[in-house]
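Novice: Provided below: structure-v4.tsv, containing TSV, C-alpha atoms.
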```tsv
chain	number	residue	atom	x	y	z
V	668	MET	CA	95.58	125.34	18.01
V	669	THR	CA	97.48	124.82	21.28
V	670	LYS	CA	100.43	127.11	21.88
V	671	LYS	CA	103.07	126.22	24.45
V	672	ASN	CA	104.95	128.80	26.53
V	673	LEU	CA	107.71	128.21	29.04
V	674	LYS	CA	107.41	129.53	32.58
V	675	LEU	CA	110.42	130.56	34.67
V	676	THR	CA	110.27	130.74	38.46
V	677	VAL	CA	112.39	133.51	39.97
V	678	PRO	CA	113.87	132.87	43.45
V	679	GLU	CA	112.67	135.25	46.15
V	680	ASN	CA	116.10	136.74	46.86
V	681	VAL	CA	116.56	137.48	43.14
V	682	ALA	CA	113.13	139.15	43.02
V	683	ASN	CA	114.09	141.28	46.03
V	684	GLN	CA	117.34	142.31	44.38
V	685	LEU	CA	115.48	143.25	41.18
V	686	ARG	CA	112.84	145.03	43.32
V	687	VAL	CA	109.94	143.23	41.61
V	688	LYS	CA	106.87	141.46	42.95
V	689	ALA	CA	104.17	139.20	41.57
V	690	GLY	CA	102.34	140.89	38.71
V	691	ASP	CA	105.22	143.18	37.71
V	692	GLN	CA	106.53	143.05	34.18
V	693	VAL	CA	110.14	142.10	33.54
V	694	ARG	CA	112.16	142.07	30.35
V	695	LEU	CA	114.29	139.32	28.85
V	696	ARG	CA	117.20	140.79	26.92
V	697	VAL	CA	118.53	138.17	24.48
V	698	ARG	CA	122.04	138.57	23.07
V	699	ASN	CA	123.44	135.66	21.06
V	700	PHE	CA	122.86	132.69	23.38
V	701	ASP	CA	122.73	134.70	26.62
V	702	VAL	CA	119.58	135.95	28.32
V	703	GLN	CA	119.53	138.82	30.80
V	704	LEU	CA	116.57	139.40	33.11
V	705	GLN	CA	115.78	143.07	33.68
V	706	SER	CA	113.23	144.94	35.75
V	707	ASP	CA	111.77	148.35	34.98
V	708	HIS	CA	114.23	149.82	37.49
V	709	SER	CA	117.19	148.66	35.42
V	710	GLU	CA	115.71	150.22	32.28
V	711	VAL	CA	116.05	153.71	33.69
V	712	SER	CA	118.69	155.26	31.46
V	713	LEU	CA	121.47	157.51	32.61
V	714	TYR	CA	119.75	160.39	30.84
V	715	GLN	CA	116.71	159.87	33.07
V	716	ARG	CA	118.76	159.52	36.24
V	717	ILE	CA	120.86	162.62	35.55
V	718	GLY	CA	118.52	165.56	36.06
V	719	PHE	CA	118.90	168.23	33.39
V	720	TRP	CA	119.20	171.04	35.94
V	721	TRP	CA	121.97	169.32	37.88
V	722	PHE	CA	124.56	170.17	35.24
V	723	VAL	CA	122.89	173.22	33.68
V	724	ILE	CA	122.18	175.37	36.77
V	725	PRO	CA	125.77	175.22	38.16
V	726	ALA	CA	127.13	176.02	34.69
V	727	LEU	CA	124.74	178.95	34.39
V	728	LEU	CA	125.79	180.33	37.78
V	729	CYS	CA	129.50	179.99	36.93
V	730	SER	CA	129.05	181.77	33.60
V	731	ILE	CA	127.07	184.60	35.25
V	732	LEU	CA	129.83	185.06	37.86
V	733	PHE	CA	132.37	185.05	35.03
V	734	ASN	CA	130.47	187.79	33.21
V	735	VAL	CA	130.03	189.89	36.37
V	736	PHE	CA	133.73	189.60	37.20
V	737	TYR	CA	134.82	191.03	33.86
V	738	TRP	CA	131.99	193.59	33.91
V	739	ILE	CA	133.37	194.93	37.21
V	740	ARG	CA	136.84	195.03	35.65
V	741	ASP	CA	135.32	196.86	32.67
V	742	GLN	CA	137.06	194.38	30.37
V	743	ASN	CA	135.25	193.47	27.16
V	744	LEU	CA	138.01	191.52	25.39
V	745	ILE	CA	138.92	188.26	27.14
V	746	GLN	CA	141.76	185.93	26.19
V	747	LEU	CA	141.17	182.22	25.59
V	748	ASN	CA	144.13	181.30	27.77
V	749	GLY	CA	146.32	183.16	30.23
V	750	GLU	CA	146.42	184.37	33.81
V	751	THR	CA	142.91	185.88	33.64
V	752	SER	CA	141.08	184.16	30.80
V	753	ILE	CA	138.36	181.76	29.77
V	754	GLY	CA	140.68	178.81	30.36
V	755	THR	CA	141.67	179.89	33.86
V	756	ASP	CA	138.03	180.31	34.87
V	757	VAL	CA	136.94	176.95	33.47
V	758	ILE	CA	139.91	175.14	35.00
V	759	PHE	CA	139.23	176.44	38.52
V	760	SER	CA	135.43	176.58	38.55
V	761	GLY	CA	135.08	173.42	36.44
V	762	THR	CA	137.35	171.43	38.74
V	763	ILE	CA	135.59	172.62	41.90
V	764	VAL	CA	132.00	172.28	40.67
V	765	GLY	CA	132.68	169.08	38.69
V	766	THR	CA	134.29	167.42	41.72
V	767	LEU	CA	131.40	168.52	43.93
V	768	LEU	CA	128.84	167.03	41.51
V	769	PHE	CA	130.86	163.83	41.21
V	770	THR	CA	130.90	163.56	45.01
V	771	ILE	CA	127.14	164.15	45.33
V	772	PHE	CA	126.16	161.57	42.71
V	773	PHE	CA	128.74	159.03	43.88
V	774	ILE	CA	127.35	159.21	47.43
V	775	ARG	CA	123.79	159.12	46.13
V	776	GLY	CA	124.53	156.06	44.01
V	777	ARG	CA	126.12	154.36	47.02
V	778	ARG	CA	123.16	155.02	49.30
V	779	GLN	CA	120.52	154.11	46.72
V	780	GLN	CA	122.60	151.11	45.58
V	781	THR	CA	122.20	152.08	41.93
V	782	ASN	CA	125.86	151.24	41.32
V	783	VAL	CA	127.19	147.88	42.51
V	784	PHE	CA	130.75	149.17	42.56
V	785	SER	CA	130.10	152.35	44.58
V	786	LYS	CA	128.07	150.56	47.25
V	787	ASN	CA	130.97	148.16	47.84
V	788	ILE	CA	133.49	150.96	48.28
V	789	TYR	CA	134.39	151.60	51.90
V	790	TRP	CA	134.35	155.16	53.22
V	791	ARG	CA	138.10	154.89	53.93
V	792	ASN	CA	138.68	154.94	50.16
V	793	PHE	CA	136.20	157.71	49.48
V	794	PRO	CA	138.70	160.60	49.94
V	795	ALA	CA	141.20	158.86	47.64
V	796	ILE	CA	138.61	158.48	44.87
V	797	ILE	CA	137.42	162.08	45.15
V	798	ALA	CA	140.98	163.47	45.27
V	799	SER	CA	142.00	161.31	42.30
V	800	PHE	CA	139.12	162.46	40.13
V	801	ALA	CA	139.63	166.10	41.16
V	802	VAL	CA	143.30	165.97	40.17
V	803	ILE	CA	142.58	164.10	36.94
V	804	LEU	CA	139.87	166.62	36.00
V	805	GLY	CA	142.11	169.58	36.78
V	806	VAL	CA	145.07	168.20	34.81
V	807	ALA	CA	142.79	167.23	31.90
V	808	LEU	CA	141.39	170.78	31.73
V	809	ILE	CA	144.89	172.27	31.89
V	810	GLY	CA	145.98	170.01	29.03
V	811	PHE	CA	142.83	170.78	27.04
V	812	PHE	CA	143.26	174.55	27.23
V	813	TRP	CA	146.99	174.24	26.57
V	814	LEU	CA	146.06	172.41	23.36
V	815	LEU	CA	143.46	175.06	22.46
V	816	SER	CA	145.98	177.85	23.07
V	817	SER	CA	148.42	176.09	20.75
V	818	ILE	CA	145.79	175.76	18.02
V	819	PHE	CA	144.23	179.21	18.49
V	820	ALA	CA	147.30	181.19	19.55
V	821	GLY	CA	146.37	184.68	20.78
V	822	ALA	CA	142.60	184.11	20.44
V	823	ALA	CA	140.35	186.53	22.36
V	824	PHE	CA	136.56	187.04	22.53
V	825	ASP	CA	134.12	189.72	23.61
V	826	ARG	CA	132.51	189.31	27.02
V	827	LEU	CA	129.19	187.85	25.77
V	828	THR	CA	130.87	185.27	23.51
V	829	ALA	CA	133.31	184.37	26.28
V	830	THR	CA	130.41	183.91	28.71
V	831	ILE	CA	128.67	181.56	26.29
V	832	LEU	CA	131.88	179.56	25.83
V	833	VAL	CA	132.34	179.27	29.61
V	834	PHE	CA	128.73	178.06	29.93
V	835	VAL	CA	129.23	175.39	27.24
V	836	PHE	CA	132.51	174.17	28.76
V	837	GLU	CA	130.99	174.07	32.25
V	838	VAL	CA	127.95	172.09	31.07
V	839	ILE	CA	130.20	169.51	29.42
V	840	VAL	CA	132.46	169.18	32.47
V	841	ASN	CA	129.50	168.86	34.87
V	842	TYR	CA	127.78	166.24	32.74
V	843	VAL	CA	130.96	164.19	32.27
V	844	MET	CA	131.65	164.15	36.03
V	845	ILE	CA	128.08	163.12	36.88
V	846	LEU	CA	128.27	160.41	34.21
V	847	ALA	CA	131.59	159.24	35.70
V	848	ALA	CA	129.96	158.88	39.13
V	849	PHE	CA	127.23	156.67	37.66
V	850	SER	CA	129.62	154.65	35.51
V	851	MET	CA	132.18	153.78	38.20
V	852	SER	CA	133.31	150.16	38.00
V	853	PRO	CA	136.51	148.17	38.55
V	854	SER	CA	137.15	147.97	34.80
V	855	ALA	CA	136.60	151.73	34.49
V	856	LEU	CA	139.13	152.37	37.27
V	857	VAL	CA	141.65	150.02	35.64
V	858	ARG	CA	141.25	151.88	32.33
V	859	LEU	CA	141.57	155.20	34.14
V	860	PHE	CA	144.67	153.94	35.98
V	861	THR	CA	146.20	152.81	32.67
V	862	ALA	CA	145.37	156.03	30.84
V	863	LEU	CA	146.62	158.17	33.73
V	864	ILE	CA	150.04	156.54	33.97
V	865	ALA	CA	150.57	156.11	30.22
V	866	GLY	CA	149.26	159.59	29.39
V	867	GLY	CA	151.12	161.33	32.22
V	868	VAL	CA	154.44	159.71	31.37
V	869	LEU	CA	154.13	160.28	27.61
V	870	ILE	CA	153.19	163.94	28.11
V	871	SER	CA	156.18	164.40	30.43
V	872	MET	CA	158.47	162.80	27.85
V	873	ALA	CA	157.12	165.02	25.09
V	874	ALA	CA	157.37	168.17	27.23
V	875	ASN	CA	161.03	167.41	28.01
V	876	GLY	CA	162.05	166.27	24.53
V	877	GLN	CA	164.08	169.41	23.88
V	878	ARG	CA	165.83	168.96	27.24
V	879	ARG	CA	166.98	165.50	26.13
V	880	TRP	CA	165.73	163.81	29.26
V	881	TRP	CA	166.96	160.40	28.07
V	882	GLN	CA	170.56	161.59	28.43
V	883	HIS	CA	169.98	161.86	32.19
V	884	ASN	CA	167.59	159.16	33.44
V	885	PHE	CA	163.90	158.32	33.53
V	886	SER	CA	163.53	159.92	36.98
V	887	PHE	CA	164.72	163.23	35.46
V	888	LEU	CA	161.11	163.76	34.30
V	889	GLY	CA	160.07	164.48	37.89
V	890	THR	CA	162.99	166.67	38.96
V	891	ASP	CA	163.33	170.44	39.29
V	892	LEU	CA	165.36	170.50	36.07
V	893	ALA	CA	162.49	169.06	34.05
V	894	SER	CA	159.74	171.07	32.40
V	895	GLN	CA	156.54	170.66	34.46
V	896	GLY	CA	158.10	167.96	36.63
V	897	TRP	CA	155.24	168.27	39.10
V	898	GLN	CA	152.88	166.69	36.54
V	899	PHE	CA	155.02	163.54	36.38
V	900	ASN	CA	155.16	163.28	40.18
V	901	LEU	CA	151.45	164.00	40.54
V	902	THR	CA	150.71	161.26	38.00
V	903	LEU	CA	152.51	158.72	40.20
V	904	ILE	CA	150.82	159.93	43.41
V	905	VAL	CA	147.29	159.89	41.96
V	906	SER	CA	147.96	156.50	40.33
V	907	ALA	CA	148.93	155.18	43.77
V	908	PHE	CA	145.61	156.41	45.18
V	909	LEU	CA	143.69	154.64	42.41
V	910	LEU	CA	145.71	151.44	42.83
V	911	VAL	CA	145.04	151.35	46.60
V	912	THR	CA	141.31	151.81	45.95
V	913	LEU	CA	141.29	149.06	43.31
V	914	VAL	CA	143.20	146.63	45.51
V	915	ASP	CA	140.90	147.30	48.45
V	916	TYR	CA	137.72	146.79	46.39
V	917	ILE	CA	138.97	143.69	44.57
V	918	PHE	CA	140.14	141.91	47.71
V	919	VAL	CA	137.00	142.77	49.69
V	920	SER	CA	135.07	141.12	46.85
V	921	LEU	CA	137.50	138.18	46.68
V	922	HIS	CA	137.11	137.48	50.39
V	923	GLN	CA	133.40	136.96	49.76
V	924	VAL	CA	134.30	134.26	47.24
V	925	TYR	CA	137.32	132.84	49.14
V	926	PRO	CA	136.64	133.63	52.83
V	927	HIS	CA	139.30	133.39	55.58
V	928	SER	CA	142.22	133.14	53.14
V	929	TRP	CA	145.49	134.27	54.72
V	930	ARG	CA	147.19	133.96	51.33
V	931	LEU	CA	144.90	136.63	49.90
V	932	ASN	CA	145.65	138.84	52.91
V	933	VAL	CA	149.39	138.55	52.21
V	934	LEU	CA	148.89	139.30	48.50
V	935	ARG	CA	146.66	142.26	49.35
V	936	ALA	CA	149.27	143.67	51.75
V	937	MET	CA	152.04	143.32	49.16
V	938	LEU	CA	149.99	145.03	46.42
V	939	THR	CA	149.05	147.83	48.81
V	940	PHE	CA	152.73	148.24	49.71
V	941	LEU	CA	153.50	148.35	45.98
V	942	ALA	CA	150.96	151.17	45.50
V	943	VAL	CA	152.41	153.11	48.43
V	944	ASP	CA	155.89	152.70	46.98
V	945	VAL	CA	154.73	154.03	43.59
V	946	GLY	CA	153.27	157.09	45.33
V	947	ALA	CA	156.48	157.60	47.30
V	948	VAL	CA	158.51	157.68	44.07
V	949	GLY	CA	156.43	160.71	43.05
V	950	LEU	CA	156.39	162.21	46.55
V	951	PHE	CA	160.21	162.16	46.81
V	952	PRO	CA	161.50	163.08	43.32
V	953	ASN	CA	165.10	162.61	42.27
V	954	ASN	CA	166.14	166.12	43.32
V	955	HIS	CA	169.37	166.81	45.21
V	956	GLU	CA	167.80	166.68	48.69
V	957	TYR	CA	165.91	163.42	48.02
V	958	HIS	CA	168.35	161.67	45.69
V	959	TRP	CA	169.38	158.84	48.05
V	960	LEU	CA	165.84	158.28	49.33
V	961	HIS	CA	164.40	158.29	45.80
V	962	ASP	CA	166.90	155.66	44.63
V	963	GLN	CA	166.08	153.40	47.58
V	964	ILE	CA	162.32	153.69	47.00
V	965	ALA	CA	162.62	153.14	43.25
V	966	GLY	CA	164.87	150.12	43.76
V	967	LEU	CA	162.44	148.68	46.31
V	968	LEU	CA	159.75	148.71	43.62
V	969	ILE	CA	161.64	146.11	41.58
V	970	TYR	CA	162.19	143.89	44.64
V	971	ILE	CA	158.46	144.00	45.50
V	972	ILE	CA	157.54	142.91	41.98
V	973	ILE	CA	160.07	140.07	41.98
V	974	ALA	CA	158.81	138.90	45.39
V	975	LEU	CA	155.22	138.99	44.11
V	976	ILE	CA	156.16	136.96	41.04
V	977	VAL	CA	157.98	134.33	43.12
V	978	MET	CA	155.17	134.01	45.69
V	979	LEU	CA	152.23	134.35	43.28
V	980	ARG	CA	151.84	130.61	42.75
V	981	TRP	CA	151.13	130.07	46.47
V	982	LEU	CA	149.27	133.29	47.20
V	983	LEU	CA	146.64	133.38	44.45
V	984	PRO	CA	144.09	130.58	44.06
V	985	HIS	CA	143.28	129.13	40.64
V	986	MET	CA	146.15	130.91	38.92
V	987	THR	CA	146.54	129.95	35.25
V	988	LYS	CA	149.77	128.39	34.06
V	989	GLU	CA	149.96	130.90	31.20
V	990	PHE	CA	150.04	133.88	33.55
V	991	LEU	CA	152.54	132.15	35.83
V	992	TRP	CA	154.93	131.59	32.91
V	993	ILE	CA	154.47	135.20	31.80
V	994	SER	CA	155.22	136.32	35.36
V	995	TYR	CA	158.36	134.20	35.54
V	996	GLY	CA	159.46	135.64	32.20
V	997	VAL	CA	158.97	139.19	33.48
V	998	GLY	CA	160.93	138.36	36.62
V	999	LEU	CA	163.84	136.87	34.64
V	1000	ILE	CA	164.00	139.91	32.35
V	1001	LEU	CA	164.05	142.25	35.36
V	1002	VAL	CA	166.87	140.27	36.98
V	1003	ALA	CA	168.80	140.13	33.68
V	1004	ALA	CA	168.34	143.87	33.12
V	1005	ASP	CA	169.61	144.58	36.64
V	1006	PHE	CA	172.67	142.36	35.98
V	1007	LEU	CA	173.41	144.06	32.64
V	1008	PHE	CA	173.12	147.50	34.24
V	1009	ASP	CA	174.69	147.03	37.66
V	1010	VAL	CA	177.34	144.38	36.99
V	1011	VAL	CA	178.18	144.43	33.27
V	1012	GLY	CA	177.49	148.12	32.72
V	1013	TYR	CA	175.95	147.43	29.30
V	1014	LEU	CA	172.59	149.13	29.89
V	1015	SER	CA	172.37	152.83	30.61
V	1016	LEU	CA	170.38	154.02	33.62
V	1017	THR	CA	167.67	155.40	31.31
V	1018	ALA	CA	167.33	152.10	29.42
V	1019	PHE	CA	167.25	150.11	32.68
V	1020	GLU	CA	164.56	152.36	34.20
V	1021	ILE	CA	162.39	152.29	31.07
V	1022	ILE	CA	162.59	148.48	30.83
V	1023	GLY	CA	161.68	148.17	34.51
V	1024	PHE	CA	158.83	150.68	34.28
V	1025	VAL	CA	157.21	149.11	31.20
V	1026	LEU	CA	157.47	145.54	32.52
V	1027	VAL	CA	156.14	146.43	35.98
V	1028	PHE	CA	153.31	148.50	34.54
V	1029	VAL	CA	152.16	145.83	32.07
V	1030	TRP	CA	152.46	143.03	34.64
V	1031	VAL	CA	150.43	144.91	37.26
V	1032	MET	CA	147.71	145.59	34.65
V	1033	MET	CA	147.56	141.89	33.79
V	1034	LEU	CA	147.43	140.91	37.47
V	1035	LEU	CA	144.55	143.33	38.15
V	1036	GLN	CA	142.67	141.82	35.20
V	1037	ILE	CA	143.24	138.29	36.56
V	1038	LEU	CA	142.00	139.36	40.01
V	1039	GLN	CA	138.88	140.97	38.52
V	1040	GLU	CA	138.15	137.75	36.61
V	1041	LEU	CA	138.35	135.85	39.90
V	1042	VAL	CA	135.82	138.26	41.38
V	1043	ASP	CA	133.52	137.76	38.39
V	1044	ARG	CA	133.69	133.99	38.86
V	1045	GLY	CA	132.04	134.55	42.20
V	1046	THR	CA	128.87	135.78	40.49
V	1047	ARG	CA	125.91	133.95	41.99
V	1048	ILE	CA	124.14	131.59	39.58
V	1049	PHE	CA	120.65	130.22	40.22
V	1050	GLU	CA	119.44	127.12	38.40
V	1051	GLU	CA	115.71	126.92	37.73
V	1052	THR	CA	113.65	124.55	35.56
V	1053	LEU	CA	111.50	125.89	32.73
V	1054	VAL	CA	107.91	124.66	33.08
V	1055	ALA	CA	105.68	124.29	30.01
V	1056	GLU	CA	102.31	126.06	29.97
V	1057	GLU	CA	99.64	125.60	27.32
V	1058	ASP	CA	97.71	128.56	25.93
V	1059	GLU	CA	94.54	127.95	23.93
```
Could you take the file, read its structure, and then write that structure out as structure tokens?
Specialist:
Amino acid sequence: MTKKNLKLTVPENVANQLRVKAGDQVRLRVRNFDVQLQSDHSEVSLYQRIGFWWFVIPALLCSILFNVFYWIRDQNLIQLNGETSIGTDVIFSGTIVGTLLFTIFFIRGRRQQTNVFSKNIYWRNFPAIIASFAVILGVALIGFFWLLSSIFAGAAFDRLTATILVFVFEVIVNYVMILAAFSMSPSALVRLFTALIAGGVLISMAANGQRRWWQHNFSFLGTDLASQGWQFNLTLIVSAFLLVTLVDYIFVSLHQVYPHSWRLNVLRAMLTFLAVDVGAVGLFPNNHEYHWLHDQIAGLLIYIIIALIVMLRWLLPHMTKEFLWISYGVGLILVAADFLFDVVGYLSLTAFEIIGFVLVFVWVMMLLQILQELVDRGTRIFEETLVAEEDE
């Protein structure tokens, strides 16, 4: 009985990218009606690429140093949280070692081209990415141990148990940061950007609930009068770093799809200016000495968004009508809110700032998603004909 197979010819440049040659085995991954061609190199899992000792050895060293420190102090009972505690040690050592491991594996992935995103990141954005992840890790650890201290109020452990806990926490932090370096992508950065702003703002609101921040204004969350106002300001500054990195990556990729486009250059400059303005809002909080400057910077943010919405139709190629109408709607609401606040006096300053923040945040997220979709449309597609072969 004759059995027919289909033969697929792979272009040479695709074979080079997959790092395969004649005689090598490749895999066809079928999902619904899509087929993905994979080489043995792509089948290497993250667990194989992340060496076991990379996250265990540093954790072991940190836990030994922790034990020695308290042995020298002749202290056998160690608090879970406090000035000298398990939490303090993990926050400082975890942030330093975790950031160092993230840096090492991010650079390694860029040089070995194991991550398409990292190899397309320019070195000018490298410090911003590292600083962002260091701050995010540090703040996340502070929040985590604050939560633990609330759940286990007054908890303390003997030195051996505390050392084991430090080792476990350090292993988890190291592994997560190495995994983050391997998993970097535009969508991951967008999710991180979203979670950072939403989480930072909500935590600041919750922390200042008893101070009735809404009776002042939204900017009160970052002032000296607020509880932990530095967290709110740091959220805005780190978010600005991430937004600059995202804009730079997306537009470098877009210029490969739409080369020599002055419209994209203008849009890129405006989005970069928007990111800088967001960072400046956090850098100059609404304290007494910066009150006038803060108001000017915050007001400029609304004008940048309105200018982007008005010019978007001419600046961005292949823009959908649906997003344009959504953008115009956002612009009209912002203008109406400004009129109701500044002219009519109907809206309070807090209500006006919250409306502006939510609309700007959501619109920027949607725009970043649209831009990423434009980048994805530039994916190279090769058309080849399947040739029938007969097997006896």
Novice: Which is closer to Leu903 of chain V than all the others in V:Asp741, V:Asp825, V:Asp756, V:Asp944, using all atoms listed in the file?
Specialist: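 Ranked by minimum distance to Leu903 of chain V, first place goes to V:Asp944.
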Novice: Could you please determine the separation between atom CA of His961 of chain V and atom CA of Ser886 of chain V in Å, to one decimal place?
Specialist: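 Pair atom CA of His961 of chain V / atom CA of Ser886 of chain V returns 9.0 Å.
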Novice: Would you work out the distance separating atom CA of Pro725 of chain V from atom CA of Phe772 of chain V, expressed in Å to one decimal?
Specialist: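 About the pair atom CA of Pro725 of chain V and atom CA of Phe772 of chain V: they are 14.4 Å apart.
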Novice: Using all atoms listed in the file, find the one residue out of V:Val914, V:Ile839, V:Ala798, V:Val868 that sits nearest to Gly896 of chain V.
Specialist: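 Closest to Gly896 of chain V, using all atoms listed in the file: V:Val868.
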Novice: Kindly give the distance, in Å, that separates atom CA of Thr770 of chain V and atom CA of Ala848 of chain V, rounded to a single decimal.
Specialist: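 Interatomic distance here is 7.6 Å.
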Novice: Choose the residue, out of V:Leu901, V:Val764, V:Leu892, V:Ile1021, that has the smallest atom-to-atom separation from Val840 of chain V; count all atoms listed in the file.
Specialist: V:Val764
Novice: Within 10 Å of segment 799-810 of chain V, which residues of segment 734-768 of chain V show up? Give each one with its shortest atom-to-atom distance in Å (one decimal) and the two atoms involved, counting only C-alpha atoms, rows by chain then rising residue number, as CSV.
Specialist:
```
residue,atom,partner,partner_atom,distance
V:Asn748,CA,V:Ile809,CA,10.0
V:Gly754,CA,V:Ile809,CA,7.9
V:Thr755,CA,V:Ile809,CA,8.5
V:Val757,CA,V:Leu808,CA,7.8
V:Ile758,CA,V:Leu808,CA,5.6
V:Phe759,CA,V:Gly805,CA,7.6
V:Ser760,CA,V:Gly805,CA,9.8
V:Gly761,CA,V:Gly805,CA,8.0
V:Thr762,CA,V:Gly805,CA,5.5
V:Ile763,CA,V:Ala801,CA,7.7
V:Val764,CA,V:Ala801,CA,9.8
V:Gly765,CA,V:Ala801,CA,8.0
V:Thr766,CA,V:Ala801,CA,5.5
V:Leu767,CA,V:Ala801,CA,9.0
```
Novice: If you count all atoms listed in the file, which residues fall within 7 Å of Leu747 of chain V, apart from same-chain ones fewer than 6 positions away, as number ranges by chain?
Specialist: V: 753-754, 816, 822-823
Novice: Select, from V:Thr1017, V:Ser928, V:Ser854, V:Asn875, the residue with the minimum atom-to-atom distance to Glu1040 of chain V, counting all atoms listed in the file.
Specialist: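 Smallest distance to Glu1040 of chain V is found for V:Ser854.
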Novice: For a quick check of understanding, using all atoms listed in the file, which of V:Phe940, V:Phe860, V:Tyr842, V:Phe908 has the smallest distance to Val1029 of chain V?
Specialist: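 Result for the nearest residue to Val1029 of chain V: V:Phe860.
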Novice: Using all atoms listed in the file, can you tell me which of V:Arg930, V:Arg740, V:Lys988, V:His955 comes closest to Leu975 of chain V?
Specialist: V:Arg930
Novice: What's the 9 Å shell around segment 999-1015 of chain V, counting only C-alpha atoms, without same-chain residues fewer than 6 positions away, as a PyMOL selection string?
Specialist: chain V and resi 884+969+973+1022-1023+1026-1027
Novice: List every protein, DNA or RNA residue with an atom no more than 12 Å from (132.5, 184.2, 24.5) in the file's coordinates, counting only C-alpha atoms, and format the result as a short mmCIF file (atom, residue, chain, number, x, y, z; two decimals) with C-alpha atoms, in the frame of the given file.
Specialist:
```cif
data_model
loop_
_atom_site.label_atom_id
_atom_site.label_comp_id
_atom_site.auth_asym_id
_atom_site.auth_seq_id
_atom_site.Cartn_x
_atom_site.Cartn_y
_atom_site.Cartn_z
CA SER V 730 129.05 181.77 33.60
CA PHE V 733 132.37 185.05 35.03
CA ASN V 734 130.47 187.79 33.21
CA TYR V 737 134.82 191.03 33.86
CA ASN V 743 135.25 193.47 27.16
CA LEU V 744 138.01 191.52 25.39
CA ILE V 745 138.92 188.26 27.14
CA GLN V 746 141.76 185.93 26.19
CA LEU V 747 141.17 182.22 25.59
CA SER V 752 141.08 184.16 30.80
CA ILE V 753 138.36 181.76 29.77
CA GLY V 754 140.68 178.81 30.36
CA ALA V 822 142.60 184.11 20.44
CA ALA V 823 140.35 186.53 22.36
CA PHE V 824 136.56 187.04 22.53
CA ASP V 825 134.12 189.72 23.61
CA ARG V 826 132.51 189.31 27.02
CA LEU V 827 129.19 187.85 25.77
CA THR V 828 130.87 185.27 23.51
CA ALA V 829 133.31 184.37 26.28
CA THR V 830 130.41 183.91 28.71
CA ILE V 831 128.67 181.56 26.29
CA LEU V 832 131.88 179.56 25.83
CA VAL V 833 132.34 179.27 29.61
CA PHE V 834 128.73 178.06 29.93
CA VAL V 835 129.23 175.39 27.24
CA PHE V 836 132.51 174.17 28.76
#
```
Novice: For the point (129.5, 166.7, 37.4) in the file's frame, write as a ChimeraX atom specification all residues with an atom no more than 6 Å away, counting all atoms listed in the file.
Specialist: /V:765,768-769,841-845
